[in-house]
file target.txt (compact mmCIF, C-alpha atoms)
# COMPACT_ATOMS: atom_id res chain seq x y z
CA MET A 17 174.94 4.02 40.41
CA LEU A 18 175.20 1.27 42.97
CA GLY A 19 172.76 -1.59 43.40
CA CYS A 20 170.99 -2.70 46.54
CA GLY A 21 172.99 -4.56 49.12
CA THR A 22 176.39 -3.12 48.16
CA ARG A 23 178.66 -0.96 50.26
CA ILE A 24 181.68 0.86 48.92
CA LEU A 25 184.50 1.39 51.40
CA LYS A 26 187.34 3.69 50.46
CA SER A 27 190.28 4.42 52.76
CA ALA A 28 192.58 7.44 52.42
CA ARG A 29 195.39 5.32 51.05
CA ALA A 30 193.04 3.45 48.76
CA ALA A 31 191.64 6.75 47.52
CA ALA A 32 195.11 7.91 46.61
CA GLU A 33 195.80 4.70 44.74
CA GLY A 34 192.33 4.62 43.18
CA VAL A 35 191.41 1.27 44.75
CA LEU A 36 187.88 0.46 45.83
CA PHE A 37 186.78 -2.20 48.27
CA CYS A 38 183.28 -3.40 47.44
CA ARG A 39 181.43 -5.56 49.95
CA VAL A 40 178.86 -7.70 48.16
CA HIS A 41 175.95 -9.39 49.95
CA LYS A 42 175.37 -13.08 49.19
CA THR A 43 177.71 -15.36 47.32
CA SER A 44 177.58 -14.71 43.60
CA ALA A 45 179.07 -16.06 40.40
CA VAL A 46 181.00 -13.23 38.79
CA ARG A 47 182.01 -12.68 35.19
CA PHE A 48 184.43 -9.84 34.48
CA THR A 49 185.95 -8.56 31.26
CA ASP A 50 189.19 -6.65 30.72
CA PHE A 51 189.92 -6.03 34.38
CA ASP A 52 192.69 -6.78 36.82
CA LEU A 53 190.47 -8.09 39.63
CA LYS A 54 191.06 -10.17 42.74
CA TRP A 55 188.40 -11.88 44.86
CA TYR A 56 188.66 -12.16 48.63
CA TYR A 57 186.09 -14.16 50.54
CA ALA A 58 185.05 -12.63 53.84
CA PRO A 59 182.15 -14.56 55.44
CA SER A 60 179.90 -12.64 57.77
CA ASP A 61 176.28 -12.52 58.85
CA LYS A 62 175.38 -10.15 56.05
CA ILE A 63 178.45 -9.86 53.87
CA ALA A 64 179.32 -12.77 51.61
CA GLY A 65 182.36 -11.39 49.85
CA LEU A 66 184.81 -8.58 49.40
CA PHE A 67 185.86 -7.32 46.00
CA LEU A 68 189.17 -5.57 45.49
CA ILE A 69 188.87 -3.64 42.26
CA ARG A 70 192.04 -2.16 40.82
CA PRO A 71 192.04 0.90 38.56
CA LEU A 72 192.27 0.59 34.81
CA ARG A 73 193.98 3.46 33.02
CA GLY A 74 193.46 5.71 36.02
CA ARG A 75 189.74 4.96 36.40
CA CYS A 76 187.96 2.79 38.93
CA LEU A 77 184.99 0.51 38.61
CA ALA A 78 182.50 -0.81 41.14
CA VAL A 79 180.39 -3.96 40.91
CA PHE A 80 177.11 -4.55 42.66
CA SER A 81 175.18 -7.62 43.59
CA GLU A 82 171.69 -9.17 43.76
CA THR A 83 170.90 -8.76 40.04
CA SER A 84 172.66 -9.22 36.73
CA GLU A 85 172.88 -5.48 36.18
CA THR A 86 176.03 -3.40 35.83
CA ALA A 87 177.48 -0.48 37.71
CA VAL A 88 180.19 2.02 36.87
CA LEU A 89 181.79 4.22 39.50
CA SER A 90 183.70 6.64 37.31
CA ASP A 91 183.44 10.10 35.84
CA THR A 92 183.49 8.63 32.36
CA LEU A 93 181.99 5.49 30.92
CA MET A 94 184.26 2.59 30.14
CA PRO A 95 184.05 -1.19 29.60
CA PHE A 96 182.14 -2.60 32.56
CA ALA A 97 182.00 -5.65 34.78
CA THR A 98 178.87 -7.76 34.81
CA LEU A 99 177.70 -9.61 37.88
CA THR A 100 175.31 -12.56 37.62
CA ARG A 101 174.11 -14.92 40.29
CA PRO A 102 172.61 -18.23 39.21
CA GLY A 103 169.94 -19.01 41.73
CA ARG A 104 167.88 -22.01 42.72
CA GLY A 105 165.36 -21.37 39.95
CA PHE A 106 168.08 -21.35 37.30
CA ARG A 107 169.50 -24.70 38.42
CA ILE A 108 166.06 -26.32 38.47
CA ARG A 109 165.22 -24.94 35.03
CA TYR A 110 168.53 -26.24 33.71
CA ALA A 111 167.83 -29.72 35.12
CA ILE A 112 164.32 -29.80 33.66
CA LEU A 113 165.67 -28.60 30.30
CA ALA A 114 168.27 -31.39 30.29
CA LEU A 115 165.58 -33.97 31.09
CA ALA A 116 163.32 -32.64 28.31
CA ALA A 117 166.23 -32.72 25.86
CA ALA A 118 166.91 -36.39 26.70
CA ILE A 119 163.24 -37.28 26.13
CA VAL A 120 163.14 -35.44 22.80
CA PHE A 121 166.42 -37.04 21.72
CA GLY A 122 165.17 -40.55 22.53
CA THR A 123 161.74 -40.01 20.96
CA ILE A 124 163.12 -38.72 17.66
CA GLY A 125 165.83 -41.39 17.64
CA PHE A 126 163.45 -44.34 18.09
CA HIS A 127 161.11 -42.85 15.51
CA LEU A 128 163.88 -42.67 12.90
CA VAL A 129 165.63 -45.96 13.77
CA GLU A 130 162.64 -48.23 14.44
CA GLY A 131 160.02 -46.39 12.40
CA TRP A 132 157.60 -46.21 15.33
CA ALA A 133 154.98 -43.51 15.72
CA PHE A 134 155.96 -40.58 17.93
CA ALA A 135 153.61 -41.72 20.70
CA ASP A 136 155.19 -45.19 20.78
CA SER A 137 158.69 -43.72 20.59
CA LEU A 138 157.92 -41.44 23.52
CA TYR A 139 156.53 -44.41 25.47
CA VAL A 140 159.68 -46.48 24.96
CA THR A 141 161.94 -43.48 25.71
CA VAL A 142 160.26 -42.86 29.05
CA GLN A 143 160.56 -46.57 29.87
CA THR A 144 164.27 -46.42 29.09
CA LEU A 145 164.98 -43.23 31.03
CA THR A 146 163.05 -44.32 34.11
CA THR A 147 164.77 -47.76 34.09
CA VAL A 148 161.35 -49.44 34.31
CA GLY A 149 162.34 -51.91 31.59
CA TYR A 150 160.71 -52.99 28.36
CA GLY A 151 157.39 -54.85 28.27
CA ASP A 152 155.06 -54.83 25.29
CA MET A 153 157.42 -52.87 22.99
CA THR A 154 161.15 -53.48 22.56
CA PRO A 155 163.70 -52.41 19.93
CA ARG A 156 163.91 -55.22 17.37
CA SER A 157 166.73 -54.17 15.05
CA GLY A 158 170.40 -54.10 15.89
CA ALA A 159 170.47 -50.35 15.29
CA GLY A 160 167.48 -49.94 17.59
CA ARG A 161 169.17 -51.86 20.40
CA SER A 162 172.38 -49.88 19.94
CA PHE A 163 170.43 -46.62 20.14
CA ALA A 164 168.62 -47.93 23.24
CA VAL A 165 171.99 -48.55 24.89
CA LEU A 166 173.04 -44.97 24.02
CA VAL A 167 169.83 -43.58 25.53
CA MET A 168 170.36 -45.69 28.67
CA LEU A 169 173.93 -44.42 29.16
CA ILE A 170 173.28 -40.79 28.36
CA GLY A 171 169.61 -40.37 29.21
CA ALA A 172 169.53 -42.33 32.46
CA GLY A 173 172.55 -40.41 33.71
CA GLY A 174 170.87 -37.16 32.72
CA VAL A 175 167.71 -38.13 34.57
CA ALA A 176 169.69 -39.00 37.69
CA LEU A 177 171.56 -35.70 37.46
CA ALA A 178 168.34 -33.75 36.94
CA VAL A 179 166.57 -35.42 39.87
CA SER A 180 169.57 -34.97 42.18
CA THR A 181 169.90 -31.30 41.15
CA ILE A 182 166.24 -30.61 41.86
CA VAL A 183 166.34 -32.41 45.20
CA GLN A 184 169.61 -30.71 46.17
CA SER A 185 168.26 -27.29 45.25
CA VAL A 186 165.06 -27.77 47.21
CA VAL A 187 166.82 -29.19 50.28
CA LYS A 188 169.50 -26.49 50.18
CA TRP A 189 166.84 -23.81 49.88
CA GLU A 190 164.97 -25.17 52.86
CA LEU A 191 168.14 -25.39 54.95
CA VAL A 192 169.24 -21.88 54.03
CA SER A 193 165.76 -20.53 54.73
CA THR A 194 165.62 -22.31 58.09
CA PHE A 195 169.03 -21.17 59.28
CA GLY A 196 168.49 -17.70 57.84
CA GLN A 197 165.22 -17.40 59.73
CA ARG A 198 166.93 -18.55 62.92
CA ARG A 199 169.63 -15.90 62.49
CA LEU A 200 166.97 -13.30 61.87
CA THR A 201 164.97 -14.40 64.92
CA LYS A 202 168.11 -14.20 67.06
CA LYS A 203 168.83 -10.73 65.74
CA MET A 204 165.26 -9.61 66.38
CA SER A 205 165.45 -10.82 69.95
CA LYS A 206 168.12 -8.15 70.53
CA LEU A 207 166.07 -5.27 69.09
CA ARG A 208 165.07 -2.52 71.49
CA ASP A 209 163.13 0.70 70.97
CA HIS A 210 162.52 -0.12 67.30
CA TYR A 211 159.60 0.20 64.89
CA ILE A 212 157.45 -2.58 63.43
CA ILE A 213 155.97 -2.29 59.94
CA CYS A 214 153.10 -4.72 59.28
CA GLY A 215 152.72 -5.04 55.53
CA SER A 216 155.01 -3.79 52.77
CA GLY A 217 152.49 -3.00 50.05
CA ARG A 218 151.89 0.37 48.43
CA VAL A 219 151.73 2.26 51.72
CA GLY A 220 154.20 0.13 53.66
CA SER A 221 156.89 0.32 50.97
CA HIS A 222 156.93 4.13 51.13
CA LEU A 223 157.08 3.99 54.92
CA ILE A 224 160.04 1.59 54.71
CA ARG A 225 161.83 3.92 52.31
CA ASP A 226 161.39 6.89 54.67
CA LEU A 227 162.59 4.92 57.70
CA LEU A 228 165.65 3.80 55.75
CA SER A 229 166.39 7.41 54.82
CA ALA A 230 166.04 8.42 58.47
CA ASN A 231 168.35 5.54 59.52
CA GLU A 232 165.77 4.25 61.99
CA SER A 233 165.81 0.75 63.48
CA PHE A 234 162.81 -1.24 62.26
CA VAL A 235 161.58 -4.67 61.19
CA VAL A 236 158.94 -5.63 58.63
CA VAL A 237 156.32 -8.38 58.94
CA GLU A 238 155.24 -9.52 55.48
CA ASN A 239 153.17 -12.54 54.44
CA ASP A 240 154.17 -12.43 50.76
CA GLN A 241 157.45 -14.37 50.39
CA GLN A 242 158.40 -12.77 47.08
CA ARG A 243 157.92 -9.26 48.38
CA ALA A 244 159.75 -10.18 51.59
CA ALA A 245 162.70 -11.48 49.55
CA GLU A 246 162.86 -8.22 47.59
CA PHE A 247 163.14 -6.15 50.76
CA SER A 248 165.60 -8.61 52.32
CA GLN A 249 167.90 -8.05 49.35
CA ARG A 250 167.87 -4.34 50.18
CA GLY A 251 169.15 -5.06 53.67
CA VAL A 252 165.77 -4.77 55.41
CA ASP A 253 165.00 -7.17 58.26
CA VAL A 254 161.83 -9.00 57.22
CA LEU A 255 159.91 -11.68 59.09
CA VAL A 256 157.82 -13.81 56.76
CA GLY A 257 154.60 -14.37 58.64
CA ASP A 258 151.05 -13.27 59.36
CA ALA A 259 151.05 -9.93 61.19
CA THR A 260 147.62 -10.63 62.66
CA LEU A 261 149.02 -13.51 64.73
CA GLU A 262 150.28 -12.89 68.24
CA GLU A 263 153.25 -15.19 67.63
CA SER A 264 154.49 -13.06 64.72
CA LEU A 265 154.33 -9.85 66.74
CA ARG A 266 156.14 -11.49 69.64
CA ASP A 267 158.88 -12.69 67.27
CA VAL A 268 159.60 -9.11 66.16
CA GLY A 269 159.71 -7.86 69.75
CA VAL A 270 156.46 -5.91 69.99
CA ASP A 271 156.85 -5.75 73.77
CA ARG A 272 160.15 -3.85 73.34
CA ALA A 273 159.19 -1.73 70.33
CA ARG A 274 158.74 2.04 70.21
CA GLY A 275 156.00 2.05 67.59
CA LEU A 276 154.01 -0.05 65.14
CA ALA A 277 152.48 0.77 61.76
CA ALA A 278 149.59 -1.40 60.56
CA CYS A 279 149.77 -1.04 56.76
CA LEU A 280 147.83 -4.11 55.65
CA PRO A 281 145.42 -3.55 52.73
CA ASN A 282 142.43 -4.99 54.62
CA ASP A 283 140.85 -2.94 57.40
CA ALA A 284 139.74 -6.03 59.33
CA ASP A 285 143.33 -7.33 59.38
CA ASN A 286 144.57 -3.96 60.62
CA VAL A 287 142.03 -4.05 63.44
CA TYR A 288 143.35 -7.48 64.47
CA VAL A 289 146.93 -6.20 64.38
CA VAL A 290 146.07 -3.15 66.47
CA LEU A 291 144.11 -5.17 69.05
CA THR A 292 146.89 -7.75 69.42
CA ALA A 293 149.69 -5.19 69.58
CA ARG A 294 147.87 -3.04 72.12
CA ASP A 295 147.27 -6.07 74.33
CA LEU A 296 150.95 -7.08 74.18
CA ASN A 297 152.31 -3.57 74.75
CA PRO A 298 149.96 -1.00 76.32
CA ASN A 299 152.54 1.80 75.89
CA LEU A 300 153.19 1.16 72.20
CA ARG A 301 152.47 3.97 69.75
CA ILE A 302 150.34 2.53 66.96
CA VAL A 303 149.59 4.15 63.61
CA ALA A 304 147.10 2.31 61.40
CA ARG A 305 146.03 2.60 57.79
CA ALA A 306 142.32 2.81 56.97
CA ALA A 307 141.29 1.80 53.47
CA GLU A 308 137.69 2.85 54.12
CA GLU A 309 136.67 6.03 55.89
CA GLN A 310 134.27 4.25 58.26
CA ALA A 311 137.10 2.02 59.55
CA GLU A 312 138.83 4.97 61.26
CA ALA A 313 136.61 4.90 64.35
CA LYS A 314 136.97 1.12 64.71
CA LEU A 315 140.77 1.32 64.56
CA LEU A 316 140.84 4.07 67.17
CA ARG A 317 138.60 2.01 69.47
CA ALA A 318 140.85 -1.00 68.92
CA GLY A 319 143.78 0.94 70.33
CA ALA A 320 145.43 2.90 67.52
CA ASN A 321 146.91 6.26 68.50
CA HIS A 322 146.53 7.65 65.01
CA VAL A 323 144.75 6.54 61.85
CA VAL A 324 145.81 7.50 58.33
CA ALA A 325 143.31 7.23 55.47
CA PRO A 326 145.26 7.57 52.20
CA THR A 327 142.11 8.32 50.19
CA ILE A 328 141.11 11.21 52.47
CA ILE A 329 144.63 12.61 52.59
CA GLY A 330 144.98 12.26 48.83
CA GLY A 331 141.72 14.13 48.24
CA HIS A 332 142.77 16.90 50.64
CA ARG A 333 146.16 17.29 48.95
CA MET A 334 144.50 17.46 45.53
CA ALA A 335 142.15 20.18 46.79
CA VAL A 336 145.07 22.21 48.13
CA ALA A 337 147.03 21.75 44.88
CA LEU A 338 143.99 22.90 42.92
CA THR A 339 143.00 25.93 45.01
CA LYS A 340 146.30 26.90 46.70
CA PRO A 341 149.11 25.83 44.34
CA ALA A 342 151.81 27.87 46.10
CA VAL A 343 151.08 26.19 49.43
CA SER A 344 151.04 22.77 47.76
CA GLU A 345 154.35 23.37 46.00
CA PHE A 346 155.96 24.50 49.25
CA MET A 347 154.76 21.41 51.12
CA ASP A 348 155.85 19.14 48.26
CA SER A 349 159.31 20.70 48.20
CA ILE A 350 159.73 20.04 51.92
CA THR A 351 158.45 16.48 51.59
CA ALA A 352 160.80 15.81 48.66
CA ASN A 353 163.66 17.51 50.57
CA GLU A 354 164.24 19.86 47.65
CA LEU A 355 164.85 22.83 49.99
CA GLY A 356 166.99 20.86 52.42
CA LEU A 357 164.41 21.47 55.14
CA GLY A 358 162.60 19.03 57.37
CA PHE A 359 160.23 18.81 60.32
CA GLU A 360 161.33 17.44 63.67
CA GLN A 361 159.84 16.90 67.10
CA VAL A 362 162.33 17.68 69.83
CA GLU A 363 161.66 16.39 73.35
CA ILE A 364 163.13 18.49 76.14
CA ASP A 365 164.99 16.51 78.80
CA ALA A 366 165.40 17.66 82.41
CA ALA A 367 169.18 17.93 81.91
CA SER A 368 168.82 20.31 78.95
CA SER A 369 170.16 23.86 79.22
CA LEU A 370 166.99 25.03 77.46
CA VAL A 371 164.77 24.25 80.47
CA GLY A 372 163.48 27.46 82.06
CA GLN A 373 164.61 29.72 79.23
CA GLU A 374 162.44 31.91 77.07
CA LEU A 375 162.52 31.23 73.34
CA ARG A 376 164.01 34.64 72.50
CA SER A 377 166.91 34.13 74.92
CA THR A 378 167.98 30.86 73.31
CA SER A 379 170.17 30.35 70.24
CA ILE A 380 167.54 28.30 68.45
CA ARG A 381 166.54 31.01 65.98
CA ALA A 382 169.64 33.19 65.93
CA GLU A 383 172.38 30.56 65.60
CA LEU A 384 170.65 27.36 64.46
CA ASP A 385 168.19 29.11 62.11
CA VAL A 386 165.43 26.77 63.30
CA VAL A 387 161.82 27.90 63.48
CA ILE A 388 159.68 26.62 66.37
CA ILE A 389 156.18 26.12 64.95
CA SER A 390 154.52 24.95 68.15
CA ILE A 391 155.16 23.66 71.65
CA ARG A 392 153.28 20.70 73.09
CA ARG A 393 153.24 20.90 76.85
CA GLN A 394 153.55 17.83 79.05
CA ASP A 395 149.85 18.05 79.94
CA GLY A 396 148.88 17.89 76.25
CA ARG A 397 148.27 21.60 75.63
CA LEU A 398 149.45 22.84 72.24
CA VAL A 399 150.92 26.32 71.88
CA PHE A 400 150.89 27.30 68.20
CA ASN A 401 153.41 29.88 66.93
CA PRO A 402 154.81 30.53 70.41
CA ALA A 403 155.85 34.09 71.23
CA GLY A 404 159.39 35.04 72.18
CA ASN A 405 158.51 35.13 75.88
CA ALA A 406 157.24 31.52 75.85
CA THR A 407 159.17 29.48 78.41
CA ILE A 408 160.58 26.07 77.57
CA GLU A 409 159.76 23.55 80.28
CA ASN A 410 160.91 20.04 81.12
CA GLY A 411 158.89 17.48 79.17
CA ASP A 412 157.91 19.88 76.40
CA THR A 413 157.95 18.75 72.79
CA LEU A 414 159.07 21.37 70.28
CA ILE A 415 157.75 21.07 66.72
CA ALA A 416 160.49 22.61 64.60
CA ILE A 417 161.43 23.15 60.98
CA GLY A 418 164.98 23.64 59.75
CA ARG A 419 167.94 22.02 58.09
CA ALA A 420 169.02 18.53 59.08
CA GLU A 421 172.30 19.54 60.76
CA SER A 422 170.61 22.32 62.72
CA LEU A 423 167.83 20.01 63.88
CA SER A 424 170.44 17.48 64.95
CA ARG A 425 172.20 20.10 67.08
CA LEU A 426 168.86 21.15 68.57
CA ASN A 427 168.20 17.52 69.55
CA GLU A 428 171.58 17.42 71.29
CA MET A 429 170.74 20.60 73.19
CA ALA A 430 167.35 19.18 74.17
CA ARG A 431 168.99 16.04 75.58
CA GLY A 432 171.58 18.04 77.49
CA VAL A 433 174.49 16.74 75.42
CA VAL A 434 175.70 20.29 74.65
call {"tool": "encode", "arguments": {"input": "target.txt", "output": "structure tokens"}}
result
Amino acid sequence: MLGCGTRILKSARAAAEGVLFCRVHKTSAVRFTDFDLKWYYAPSDKIAGLFLIRPLRGRCLAVFSETSETAVLSDTLMPFATLTRPGRGFRIRYAILALAAAIVFGTIGFHLVEGWAFADSLYVTVQTLTTVGYGDMTPRSGAGRSFAVLVMLIGAGGVALAVSTIVQSVVKWELVSTFGQRRLTKKMSKLRDHYIICGSGRVGSHLIRDLLSANESFVVVENDQQRAAEFSQRGVDVLVGDATLEESLRDVGVDRARGLAACLPNDADNVYVVLTARDLNPNLRIVARAAEEQAEAKLLRAGANHVVAPTIIGGHRMAVALTKPAVSEFMDSITANELGLGFEQVEIDAASSLVGQELRSTSIRAELDVVIISIRRQDGRLVFNPAGNATIENGDTLIAIGRAESLSRLNEMARGVV
């Protein structure tokens, strides 16, 4: 099992020798046990390091990044390598803990040496650590002064270290975020014919997963920084911003995009997104989510090509599962890819050898084992369950079901590649 953000590269020679090259995103602190391991640093836009993992007793291991989990790439379990990455939060917590320890040390010390109450001891300790100087209360005994000197040397240094660590972490975070956002903006400026996902909540996250599986080019606009960071760690391009703003949509290249999905939880926000996107790109295909049934008409008037209401669809699927379980199980098996089948829309290009042919004279059914469910003509007419004598014309869209490799070959035939 490999974690997010890790790629395993294995050459023929490396495979023979049992050596794995593991590219790990983001610089990480690594702790390994019982392994002959070498680290090679290979800076890149996305790849922060390259692991060379040698076999141990004929078995290979893989390490993955982003979390402190473990991964084993082997037929049998064996001692594993653990990867941890101390982040900004850890360093700040460590600095605050060190500062708290110095305060506790000084407070208890003054209480025992001088016999002061804990409130007075805390007061003097804070004065010492902050280098404000003594005023109304000062150590009076020789032991008290000696302890005060110890607190000054140790505690003041600890305070300076803690403050510098916190400042450094915050400044470094801001710099990394700024430059990272600039890199992302530059990358987005090169996107063409891509998809835009507005919102990565319950609906958007499933959409992102499906687009990743289909290897589609897309970018996500998310206002929640924590959620955006989670998807960024998975290798997803995420712009942290408000999807209802024109500036955000321009930054992700809405004028060059193929389609946009408005998946925000609020219907009013989705209407704003649809209106803005349609104004910026009149030819954009827009699919919007409707939380309430009455919002569907408003989204369509705003410019959405299609509206999906999860509650309505969920109710319909439950009704089918209840009254027609065989149909429901078949649809679920296709959706979950349990049968290895999938739906595809195939657009016929003018250069395709299929243009002008009847369905029965093509190799679509006989050789590819692909079933054509319907044909959408260029004028919008829909031919359901077309007969064998139905002619394929330029500009038609075939709705097909079949296996992935067969559908891929059909796409090539439709484009005139083969």
call {"tool": "closest_atom_pairs", "arguments": {"input": "target.txt", "of": "range 131-155 of chain A", "to": "range 108-127 of chain A", "cutoff": "10 Å", "atoms": "only C-alpha atoms", "output": "JSON lines"}}
result
{"residue": "A:Gly131", "atom": "CA", "partner": "A:His127", "partner_atom": "CA", "distance": 4.8}
{"residue": "A:Trp132", "atom": "CA", "partner": "A:His127", "partner_atom": "CA", "distance": 4.9}
{"residue": "A:Ala133", "atom": "CA", "partner": "A:His127", "partner_atom": "CA", "distance": 6.2}
{"residue": "A:Phe134", "atom": "CA", "partner": "A:His127", "partner_atom": "CA", "distance": 6.1}
{"residue": "A:Ala135", "atom": "CA", "partner": "A:Thr123", "partner_atom": "CA", "distance": 8.3}
{"residue": "A:Asp136", "atom": "CA", "partner": "A:His127", "partner_atom": "CA", "distance": 8.3}
{"residue": "A:Ser137", "atom": "CA", "partner": "A:Thr123", "partner_atom": "CA", "distance": 4.8}
{"residue": "A:Leu138", "atom": "CA", "partner": "A:Thr123", "partner_atom": "CA", "distance": 4.8}
{"residue": "A:Tyr139", "atom": "CA", "partner": "A:Thr123", "partner_atom": "CA", "distance": 8.2}
{"residue": "A:Val140", "atom": "CA", "partner": "A:Thr123", "partner_atom": "CA", "distance": 7.9}
{"residue": "A:Thr141", "atom": "CA", "partner": "A:Gly122", "partner_atom": "CA", "distance": 5.4}
{"residue": "A:Val142", "atom": "CA", "partner": "A:Ile119", "partner_atom": "CA", "distance": 7.0}
{"residue": "A:Thr144", "atom": "CA", "partner": "A:Gly122", "partner_atom": "CA", "distance": 8.8}
{"residue": "A:Leu145", "atom": "CA", "partner": "A:Ile119", "partner_atom": "CA", "distance": 7.9}
{"residue": "A:Pro155", "atom": "CA", "partner": "A:Phe126", "partner_atom": "CA", "distance": 8.3}
call {"tool": "write_last_selection", "arguments": {"input": "target.txt", "atoms": "C-alpha atoms", "output": "tab-separated table (two decimals), in the coordinates of the input"}}
result
chain	number	residue	atom	x	y	z
A	131	GLY	CA	160.02	-46.39	12.40
A	132	TRP	CA	157.60	-46.21	15.33
A	133	ALA	CA	154.98	-43.51	15.72
A	134	PHE	CA	155.96	-40.58	17.93
A	135	ALA	CA	153.61	-41.72	20.70
A	136	ASP	CA	155.19	-45.19	20.78
A	137	SER	CA	158.69	-43.72	20.59
A	138	LEU	CA	157.92	-41.44	23.52
A	139	TYR	CA	156.53	-44.41	25.47
A	140	VAL	CA	159.68	-46.48	24.96
A	141	THR	CA	161.94	-43.48	25.71
A	142	VAL	CA	160.26	-42.86	29.05
A	144	THR	CA	164.27	-46.42	29.09
A	145	LEU	CA	164.98	-43.23	31.03
A	155	PRO	CA	163.70	-52.41	19.93
call {"tool": "residues_around", "arguments": {"input": "target.txt", "residues": "Asn299 in chain A", "least_positions_apart": "6", "cutoff": "10 Å", "atoms": "only C-alpha atoms", "output": "list of chain:residue names"}}
result
A:Asp271, A:Arg272, A:Ala273, A:Arg274, A:Gly275, A:Ala293
call {"tool": "write_last_selection", "arguments": {"input": "target.txt", "atoms": "C-alpha atoms", "output": "PDB file, keeping the file's coordinate frame"}}
result
ATOM      1  CA  ASP A 271     156.850  -5.750  73.770  1.00  0.00           C
ATOM      2  CA  ARG A 272     160.150  -3.850  73.340  1.00  0.00           C
ATOM      3  CA  ALA A 273     159.190  -1.730  70.330  1.00  0.00           C
ATOM      4  CA  ARG A 274     158.740   2.040  70.210  1.00  0.00           C
ATOM      5  CA  GLY A 275     156.000   2.050  67.590  1.00  0.00           C
ATOM      6  CA  ALA A 293     149.690  -5.190  69.580  1.00  0.00           C
TER       7      ALA A 293
END
call {"tool": "closest_residue", "arguments": {"input": "target.txt", "among": "A:Val268, A:Val254, A:Leu370, A:Leu128", "to": "Arg208 in chain A", "atoms": "all atoms listed in the file"}}
result
A:Val268
call {"tool": "axis_aligned_box", "arguments": {"input": "target.txt", "around": "range 248-255 of chain A", "padding_each_side": "6 Å", "output": "lines of an AutoDock Vina configuration file"}}
result
center_x = 164.5
center_y = -8.0
center_z = 54.2
size_x = 21.2
size_y = 19.3
size_z = 21.7
call {"tool": "atom_distance", "arguments": {"input": "target.txt", "atom1": "CA of Gly215 in chain A", "atom2": "CA of Gly331 in chain A"}}
result
23.3 Å
call {"tool": "closest_residue", "arguments": {"input": "target.txt", "among": "A:Asp267, A:Asp412, A:Glu345, A:Asp395", "to": "Lys203 in chain A", "atoms": "only C-alpha atoms"}}
result
A:Asp267
call {"tool": "residues_around", "arguments": {"input": "target.txt", "residues": "range 426-428 of chain A", "least_positions_apart": "5", "cutoff": "7 Å", "atoms": "only C-alpha atoms", "output": "PyMOL selection string"}}
result
chain A and resi 362+433-434
call {"tool": "residues_around", "arguments": {"input": "target.txt", "residues": "Pro402 in chain A", "least_positions_apart": "6", "cutoff": "8 Å", "atoms": "all atoms listed in the file", "output": "VMD selection string"}}
result
chain A and resid 388 to 391
call {"tool": "atom_distance", "arguments": {"input": "target.txt", "atom1": "CA of Val235 in chain A", "atom2": "CA of Leu276 in chain A"}}
result
9.7 Å
call {"tool": "atom_distance", "arguments": {"input": "target.txt", "atom1": "CA of Ala311 in chain A", "atom2": "CA of Val324 in chain A"}}
result
10.4 Å
call {"tool": "closest_residue", "arguments": {"input": "target.txt", "among": "A:Ile380, A:Leu291, A:Ala245, A:Ala306", "to": "Ile328 in chain A", "atoms": "all atoms listed in the file"}}
result
A:Ala306
call {"tool": "closest_residue", "arguments": {"input": "target.txt", "among": "A:Leu300, A:Val289, A:Val148, A:Ala313", "to": "Asp209 in chain A", "atoms": "all atoms listed in the file"}}
result
A:Leu300
call {"tool": "closest_residue", "arguments": {"input": "target.txt", "among": "A:Phe247, A:Phe359, A:Tyr288, A:Phe163", "to": "Leu228 in chain A", "atoms": "all atoms listed in the file"}}
result
A:Phe247
call {"tool": "residues_around", "arguments": {"input": "target.txt", "residues": "Asp295 in chain A", "least_positions_apart": "6", "cutoff": "12 Å", "atoms": "all atoms listed in the file", "output": "list in words"}}
result
Glu262, Leu265, Arg266, Val270, Asp271, Tyr288, Val289, Ile302, Ala318, Gly319 and Ala320 of chain A
call {"tool": "residues_around", "arguments": {"input": "target.txt", "residues": "Gly220 in chain A", "least_positions_apart": "3", "cutoff": "10 Å", "atoms": "all atoms listed in the file", "output": "MDAnalysis selection string"}}
result
chainID A and resid 213:217 223:226 236 238 277:281 305
